[in-house]
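What follows is upload.txt (compact mmCIF, C-alpha atoms).
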# COMPACT_ATOMS: atom_id res chain seq x y z
CA MET Y 14 -34.36 80.09 -42.58
CA GLY Y 15 -34.31 82.97 -45.07
CA ASN Y 16 -36.87 85.72 -44.40
CA LYS Y 17 -39.06 83.65 -42.06
CA ILE Y 18 -36.85 83.31 -38.97
CA HIS Y 19 -34.87 85.98 -37.12
CA PRO Y 20 -31.15 85.34 -37.71
CA LYS Y 21 -30.44 85.76 -34.00
CA SER Y 22 -33.23 83.54 -32.64
CA VAL Y 23 -31.77 80.30 -34.05
CA ARG Y 24 -28.29 81.21 -32.73
CA LEU Y 25 -29.26 81.99 -29.13
CA GLY Y 26 -27.26 79.86 -26.73
CA TYR Y 27 -24.98 78.77 -29.56
CA ILE Y 28 -22.99 81.81 -30.64
CA GLN Y 29 -25.38 84.60 -29.58
CA ASP Y 30 -26.48 85.71 -26.11
CA TRP Y 31 -29.79 86.98 -24.72
CA GLU Y 32 -30.41 90.71 -24.37
CA SER Y 33 -32.52 90.16 -21.23
CA LYS Y 34 -30.90 88.09 -18.47
CA TRP Y 35 -33.39 87.13 -15.76
CA PHE Y 36 -35.74 84.26 -14.97
CA SER Y 37 -39.09 84.31 -13.18
CA LEU Y 38 -41.94 82.06 -14.24
CA ARG Y 39 -44.49 83.76 -12.01
CA GLU Y 40 -43.72 87.35 -13.06
CA MET Y 41 -42.63 86.67 -16.62
CA PRO Y 42 -45.52 88.45 -18.46
CA ALA Y 43 -45.16 91.60 -16.36
CA LEU Y 44 -41.36 91.66 -16.65
CA ILE Y 45 -41.49 91.21 -20.42
CA GLY Y 46 -43.80 94.23 -20.58
CA GLU Y 47 -41.36 96.22 -18.42
CA ASP Y 48 -38.46 95.32 -20.72
CA PHE Y 49 -40.42 96.55 -23.72
CA LYS Y 50 -41.25 99.85 -22.01
CA ILE Y 51 -37.65 100.40 -20.91
CA ARG Y 52 -36.26 99.83 -24.40
CA LYS Y 53 -38.92 102.05 -25.93
CA GLU Y 54 -38.15 104.85 -23.47
CA VAL Y 55 -34.40 104.63 -24.18
CA ARG Y 56 -34.84 104.71 -27.96
CA GLU Y 57 -37.30 107.60 -27.91
CA ARG Y 58 -35.20 109.65 -25.49
CA PHE Y 59 -31.90 109.05 -27.32
CA ARG Y 60 -33.06 108.84 -30.91
CA LEU Y 61 -30.00 110.73 -32.20
CA ALA Y 62 -27.51 108.94 -29.94
CA ALA Y 63 -27.09 105.87 -32.22
CA VAL Y 64 -28.28 103.30 -29.66
CA SER Y 65 -27.60 99.80 -30.93
CA TRP Y 66 -29.27 97.62 -28.28
CA VAL Y 67 -30.26 97.70 -24.61
CA GLY Y 68 -29.36 94.86 -22.23
CA ILE Y 69 -31.45 94.33 -19.09
CA GLU Y 70 -30.40 92.30 -16.03
CA ARG Y 71 -32.48 91.64 -12.93
CA ALA Y 72 -31.39 90.27 -9.55
CA GLY Y 73 -33.89 90.50 -6.72
CA THR Y 74 -34.93 94.12 -6.26
CA TYR Y 75 -32.07 95.44 -8.40
CA LEU Y 76 -32.16 96.32 -12.07
CA ARG Y 77 -29.23 96.97 -14.39
CA VAL Y 78 -29.63 98.57 -17.81
CA ASN Y 79 -26.69 98.38 -20.27
CA ILE Y 80 -26.99 100.86 -23.13
CA HIS Y 81 -24.75 100.08 -26.12
CA THR Y 82 -24.31 103.21 -28.19
CA ALA Y 83 -21.88 104.75 -30.67
CA ARG Y 84 -22.20 108.18 -29.00
CA PRO Y 85 -21.86 107.73 -25.23
CA GLY Y 86 -21.44 111.46 -24.65
CA VAL Y 87 -24.91 112.19 -26.03
CA VAL Y 88 -26.47 109.56 -23.74
CA ILE Y 89 -24.67 110.75 -20.61
CA GLY Y 90 -25.35 114.43 -21.25
CA LYS Y 91 -23.73 117.43 -19.63
CA LYS Y 92 -22.46 116.39 -16.18
CA GLY Y 93 -24.64 113.25 -16.37
CA VAL Y 94 -27.96 115.10 -16.30
CA ASP Y 95 -29.60 113.03 -19.05
CA ILE Y 96 -28.58 109.69 -17.63
CA GLU Y 97 -29.82 110.62 -14.15
CA ALA Y 98 -33.18 111.69 -15.57
CA LEU Y 99 -33.46 108.33 -17.36
CA ARG Y 100 -32.55 106.44 -14.18
CA ALA Y 101 -35.25 108.27 -12.20
CA LYS Y 102 -37.78 107.53 -14.94
CA ILE Y 103 -36.99 103.81 -14.96
CA GLU Y 104 -37.07 103.57 -11.15
CA GLY Y 105 -40.54 105.15 -11.09
CA MET Y 106 -41.65 102.75 -13.81
CA THR Y 107 -40.33 99.51 -12.27
CA LYS Y 108 -40.12 100.34 -8.52
CA ARG Y 109 -36.61 98.85 -8.42
CA LYS Y 110 -33.18 100.19 -7.59
CA THR Y 111 -31.72 100.91 -11.04
CA TYR Y 112 -28.13 101.12 -12.29
CA ILE Y 113 -27.35 102.30 -15.82
CA ASN Y 114 -24.13 101.48 -17.69
CA VAL Y 115 -23.23 103.20 -20.97
CA MET Y 116 -21.05 101.07 -23.27
CA GLU Y 117 -19.47 102.34 -26.46
CA VAL Y 118 -19.80 100.51 -29.78
CA LYS Y 119 -16.28 100.49 -31.23
CA GLU Y 120 -17.25 99.77 -34.87
CA PRO Y 121 -20.58 101.42 -35.77
CA ASP Y 122 -20.20 100.35 -39.42
CA LEU Y 123 -20.28 96.68 -38.33
CA ASP Y 124 -23.50 97.05 -36.32
CA ALA Y 125 -26.58 96.15 -38.37
CA ARG Y 126 -28.95 98.28 -36.30
CA LEU Y 127 -26.80 101.40 -36.63
CA VAL Y 128 -26.30 100.87 -40.37
CA ALA Y 129 -30.06 100.51 -40.86
CA GLU Y 130 -30.66 103.70 -38.83
CA ALA Y 131 -28.17 105.61 -41.00
CA ILE Y 132 -29.98 104.48 -44.18
CA ALA Y 133 -33.39 105.32 -42.67
CA MET Y 134 -32.27 108.84 -41.73
CA GLN Y 135 -31.08 109.41 -45.30
CA LEU Y 136 -34.42 108.21 -46.68
CA GLU Y 137 -36.23 110.64 -44.37
CA ARG Y 138 -34.11 113.44 -45.85
CA ARG Y 139 -35.28 112.33 -49.31
CA ILE Y 140 -31.94 110.95 -50.48
CA ALA Y 141 -32.17 108.31 -53.24
CA HIS Y 142 -32.45 104.86 -51.68
CA ARG Y 143 -30.00 103.22 -54.09
CA ARG Y 144 -27.37 105.82 -53.29
CA ALA Y 145 -27.87 105.44 -49.53
CA ILE Y 146 -27.66 101.64 -49.77
CA LYS Y 147 -24.50 101.73 -51.87
CA ARG Y 148 -22.71 104.09 -49.49
CA ALA Y 149 -23.66 102.06 -46.43
CA MET Y 150 -22.47 98.81 -48.01
CA GLU Y 151 -19.13 100.34 -49.02
CA ARG Y 152 -18.45 101.57 -45.49
CA THR Y 153 -19.43 98.22 -44.00
CA MET Y 154 -17.13 96.23 -46.30
CA GLN Y 155 -14.26 98.66 -45.66
CA ALA Y 156 -14.74 98.12 -41.92
CA GLY Y 157 -13.89 94.42 -42.34
CA ALA Y 158 -17.19 92.63 -42.89
CA LEU Y 159 -17.22 89.44 -44.96
CA GLY Y 160 -20.61 90.21 -46.45
CA VAL Y 161 -23.57 92.58 -46.18
CA LYS Y 162 -27.13 92.53 -47.44
CA VAL Y 163 -29.52 95.51 -47.39
CA GLU Y 164 -33.22 95.43 -48.20
CA CYS Y 165 -35.68 98.34 -48.47
CA LYS Y 166 -39.42 97.84 -48.78
CA GLY Y 167 -42.20 100.39 -49.23
CA ARG Y 168 -43.10 103.27 -51.54
CA LEU Y 169 -39.54 103.81 -52.70
CA GLY Y 170 -38.96 107.07 -54.51
CA GLY Y 171 -42.56 108.15 -53.89
CA SER Y 172 -44.03 105.54 -56.23
CA GLU Y 173 -47.72 104.69 -55.92
CA ILE Y 174 -47.10 100.95 -55.65
CA ALA Y 175 -44.89 99.60 -52.89
CA ARG Y 176 -42.03 97.38 -53.92
CA ARG Y 177 -38.97 95.66 -52.50
CA GLU Y 178 -35.37 96.22 -53.53
CA TRP Y 179 -32.28 94.63 -52.08
CA ASN Y 180 -28.57 94.47 -52.74
CA ARG Y 181 -25.82 92.20 -51.48
CA GLU Y 182 -22.05 92.24 -51.45
CA GLY Y 183 -19.90 89.34 -50.29
CA ARG Y 184 -21.33 86.26 -48.53
CA VAL Y 185 -24.30 86.18 -46.15
CA PRO Y 186 -24.76 82.47 -45.18
CA LEU Y 187 -28.07 82.58 -43.29
CA HIS Y 188 -28.30 78.78 -43.07
CA THR Y 189 -24.88 78.38 -41.44
CA PHE Y 190 -25.47 78.48 -37.70
CA CYS Y 191 -21.80 79.01 -36.83
CA ALA Y 192 -21.75 82.20 -38.94
CA ASP Y 193 -21.91 85.38 -36.87
CA ILE Y 194 -24.62 87.39 -38.64
CA ASP Y 195 -25.92 90.64 -37.17
CA TYR Y 196 -29.46 91.70 -38.10
CA GLY Y 197 -31.17 95.07 -37.78
CA LEU Y 198 -34.61 96.43 -38.70
CA VAL Y 199 -35.52 100.14 -38.72
CA GLU Y 200 -38.53 101.97 -40.14
CA ALA Y 201 -38.11 105.31 -41.92
CA VAL Y 202 -41.03 107.74 -41.51
CA THR Y 203 -41.50 109.56 -44.83
CA PRO Y 204 -44.35 111.70 -46.23
CA MET Y 205 -45.28 108.77 -48.46
CA GLY Y 206 -45.49 106.31 -45.57
CA LEU Y 207 -43.21 103.93 -43.72
CA ILE Y 208 -40.21 102.36 -45.45
CA GLY Y 209 -38.69 99.32 -43.79
CA VAL Y 210 -34.90 98.91 -43.87
CA LYS Y 211 -33.35 95.51 -43.09
CA VAL Y 212 -29.61 94.90 -42.81
CA TRP Y 213 -27.69 91.61 -42.50
CA ILE Y 214 -23.94 91.78 -41.76
CA PHE Y 215 -21.74 88.66 -41.89
CA LYS Y 216 -18.79 89.28 -39.55
CA LYS Y 217 -16.97 85.96 -39.09
CA THR Y 218 -17.38 82.20 -38.71
CA TYR Y 219 -16.92 80.35 -35.42
CA PHE Y 220 -15.44 76.85 -35.03
CA ALA Y 221 -14.18 76.77 -38.63
CA LYS Y 222 -10.40 76.80 -38.53
CA SER Y 223 -7.74 75.24 -40.70
CA PRO Y 224 -5.28 72.70 -39.20
CA GLY Y 225 -2.57 75.34 -39.25
CA GLU Y 226 -4.70 77.77 -37.24
CA LEU Y 227 -5.62 75.07 -34.72
CA HIS Y 228 -1.95 74.13 -34.25
CA ARG Y 229 -0.95 77.80 -33.89
CA GLN Y 230 -3.66 78.32 -31.28
CA ALA Y 231 -2.53 75.23 -29.34
CA VAL Y 232 1.07 76.49 -29.35
CA GLU Y 233 -0.03 79.90 -28.05
CA GLU Y 234 -2.04 78.28 -25.26
CA GLY Y 235 0.91 76.05 -24.31
CA ARG Y 236 -0.77 72.73 -25.14
CA LEU Y 237 1.79 71.91 -27.84
CA LEU Y 238 5.44 72.65 -28.38
CA PRO Y 239 6.45 74.64 -31.45
CA GLU Y 240 7.72 72.56 -34.33
CA GLU Y 241 11.43 72.67 -35.17
CA PRO Y 242 12.20 74.34 -38.47
CA LYS Y 243 12.54 71.81 -41.24
CA PRO Y 244 15.74 71.83 -43.33
CA GLU Y 245 15.38 73.53 -46.63
CA PRO Y 246 15.12 71.13 -49.58
CA VAL Y 247 18.30 70.81 -51.61
CA ALA Y 248 18.05 71.79 -55.22
CA ALA Y 249 17.62 68.90 -57.62
CA GLU Y 250 20.69 69.81 -59.60
CA ALA Y 251 22.88 69.87 -56.50
CA ALA Y 252 21.45 66.66 -55.01
CA ALA Y 253 21.64 64.55 -58.17
CA PRO Y 254 25.01 62.91 -58.87
CA ALA Y 255 26.98 64.22 -61.74
CA VAL Y 256 26.55 61.67 -64.56
CA ARG Y 257 28.14 62.09 -67.89
CA VAL Y 258 26.72 60.33 -70.90
CA ILE Y 259 29.14 59.83 -73.67
CA ARG Y 260 27.73 58.96 -77.04
CA SER Y 261 29.73 57.89 -79.99
CA GLU Y 262 28.93 59.53 -83.26
CA LYS Y 263 30.05 56.39 -85.16
CA PRO Y 264 28.28 53.27 -83.87
CA SER Y 265 30.62 51.09 -85.97
CA GLU Y 266 33.53 52.05 -83.73
CA MET Y 267 31.84 50.59 -80.59
CA PRO Y 268 33.49 47.26 -79.60
CA GLU Y 269 31.36 44.14 -79.89
CA LEU Y 270 30.56 42.30 -76.64
CA PRO Y 271 30.95 38.52 -76.35
CA ALA Y 272 27.87 36.29 -76.25
CA SER Y 273 28.35 35.45 -72.52
CA ALA Y 274 28.23 39.15 -71.57
CA LEU Y 275 25.11 39.70 -73.66
CA ALA Y 276 23.43 36.72 -71.98
CA GLN Y 277 24.21 38.09 -68.51
CA LEU Y 278 22.74 41.47 -69.44
CA SER Y 279 19.54 39.87 -70.76
CA GLY Y 280 19.20 37.52 -67.72
CA GLU Y 281 19.56 34.31 -69.74
CA GLU Y 282 21.95 31.47 -68.97
CA PRO Y 283 24.94 31.26 -71.23
CA ARG Y 284 24.84 28.47 -73.80
CA ASP Y 285 27.74 26.34 -74.84
CA GLU Y 286 28.36 26.80 -78.52
CA LYS Y 287 29.73 23.23 -78.87
CA GLY Y 288 26.66 21.65 -77.25
CA GLU Y 289 26.33 19.39 -74.26
CA ASP Y 290 28.91 16.72 -73.57
Starting from the file, lay out its structure as structure tokens.
Amino acid sequence: MGNKIHPKSVRLGYIQDWESKWFSLREMPALIGEDFKIRKEVRERFRLAAVSWVGIERAGTYLRVNIHTARPGVVIGKKGVDIEALRAKIEGMTKRKTYINVMEVKEPDLDARLVAEAIAMQLERRIAHRRAIKRAMERTMQAGALGVKVECKGRLGGSEIARREWNREGRVPLHTFCADIDYGLVEAVTPMGLIGVKVWIFKKTYFAKSPGELHRQAVEEGRLLPEEPKPEPVAAEAAAPAVRVIRSEKPSEMPELPASALAQLSGEEPRDEKGED
């Protein structure tokens, strides 16, 4: 997979969901164009509102737009003026009855799109790219991510030749389809040209649980009964019988055993000293 395939495209229908939920073979080209215009309008209108992604749902003549943002107050505006203006704009664009829902992103530091936007805004203010990348990665790892990778490409630092620099912390298993990896791409507009910022965030792994976790989950769901506590193991010294070994310092004082007793100990049959009759 690597840099050739979008990390979300190969996970759609598996652990990721579609951002546009509608189906129409006849009107598909026109509706795809409408989705692009709606998302472009939302991002341009609320550039400083930290919009992560826009979900679009269609059902007949109705249209629902779900805006996921880290600053819902900026999107709604004072007394809902901004959101009403956006709704009127979308209705005039699509000729459909439109409903807009604003959803808050609880952890902005775990959203790849928002992290990339934060780095791009710092690059536009002429902050060193290495410093911006390091700060963003520290905040992401502190938020609970298992791994993060950041890549910047362009005329970094105002150099005449464009180059690519990237940094990674933790694990980012792009080839593991059950790994929940969020991906974001943002372009920073600088006096020297565009600088692309890509962010991969590894959050967690689905369907990979230890036997103890699977048993604990089954007990919580009521499919299994909890195990009875096992008795604690007894210490070896307490469990072992008390055996005393007495050794004689003078072997000559030990009594000699008869030949019959020695034969029994060695497993041989006793022999008659006088011979057979």
> Within 10 Å of (-35.5, 101.6, -20.0), in the coordinates the file gives, what residues turn up when you count all atoms listed in the file, written out as an NGL selection string?
Replying inline: :Y and (47-56 or 58 or 67-69 or 77-80 or 99-100 or 102-104 or 106-107 or 111 or 113)
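Between Ile208 of chain Y and the residues Y:Glu164, Y:Glu57, Y:Glu233, Y:Asp122, the shortest atom-to-atom distance, using all atoms listed in the file, involves Y:Glu164.
Closest to Arg138 of chain Y among Y:Gln29, Y:Gly170, Y:Gln230, Y:Arg24 is Y:Gly170, based on only C-alpha atoms.
Going from atom CA of Gly197 of chain Y over to atom CA of Lys211 of chain Y, you cover 5.8 Å.
Counting from atom CA of Gln155 of chain Y, the distance to atom CA of Ile194 of chain Y is 16.8 Å.
Rounded to one decimal, atom CA of His81 of chain Y and atom CA of Asp95 of chain Y lie 15.5 Å from each other.
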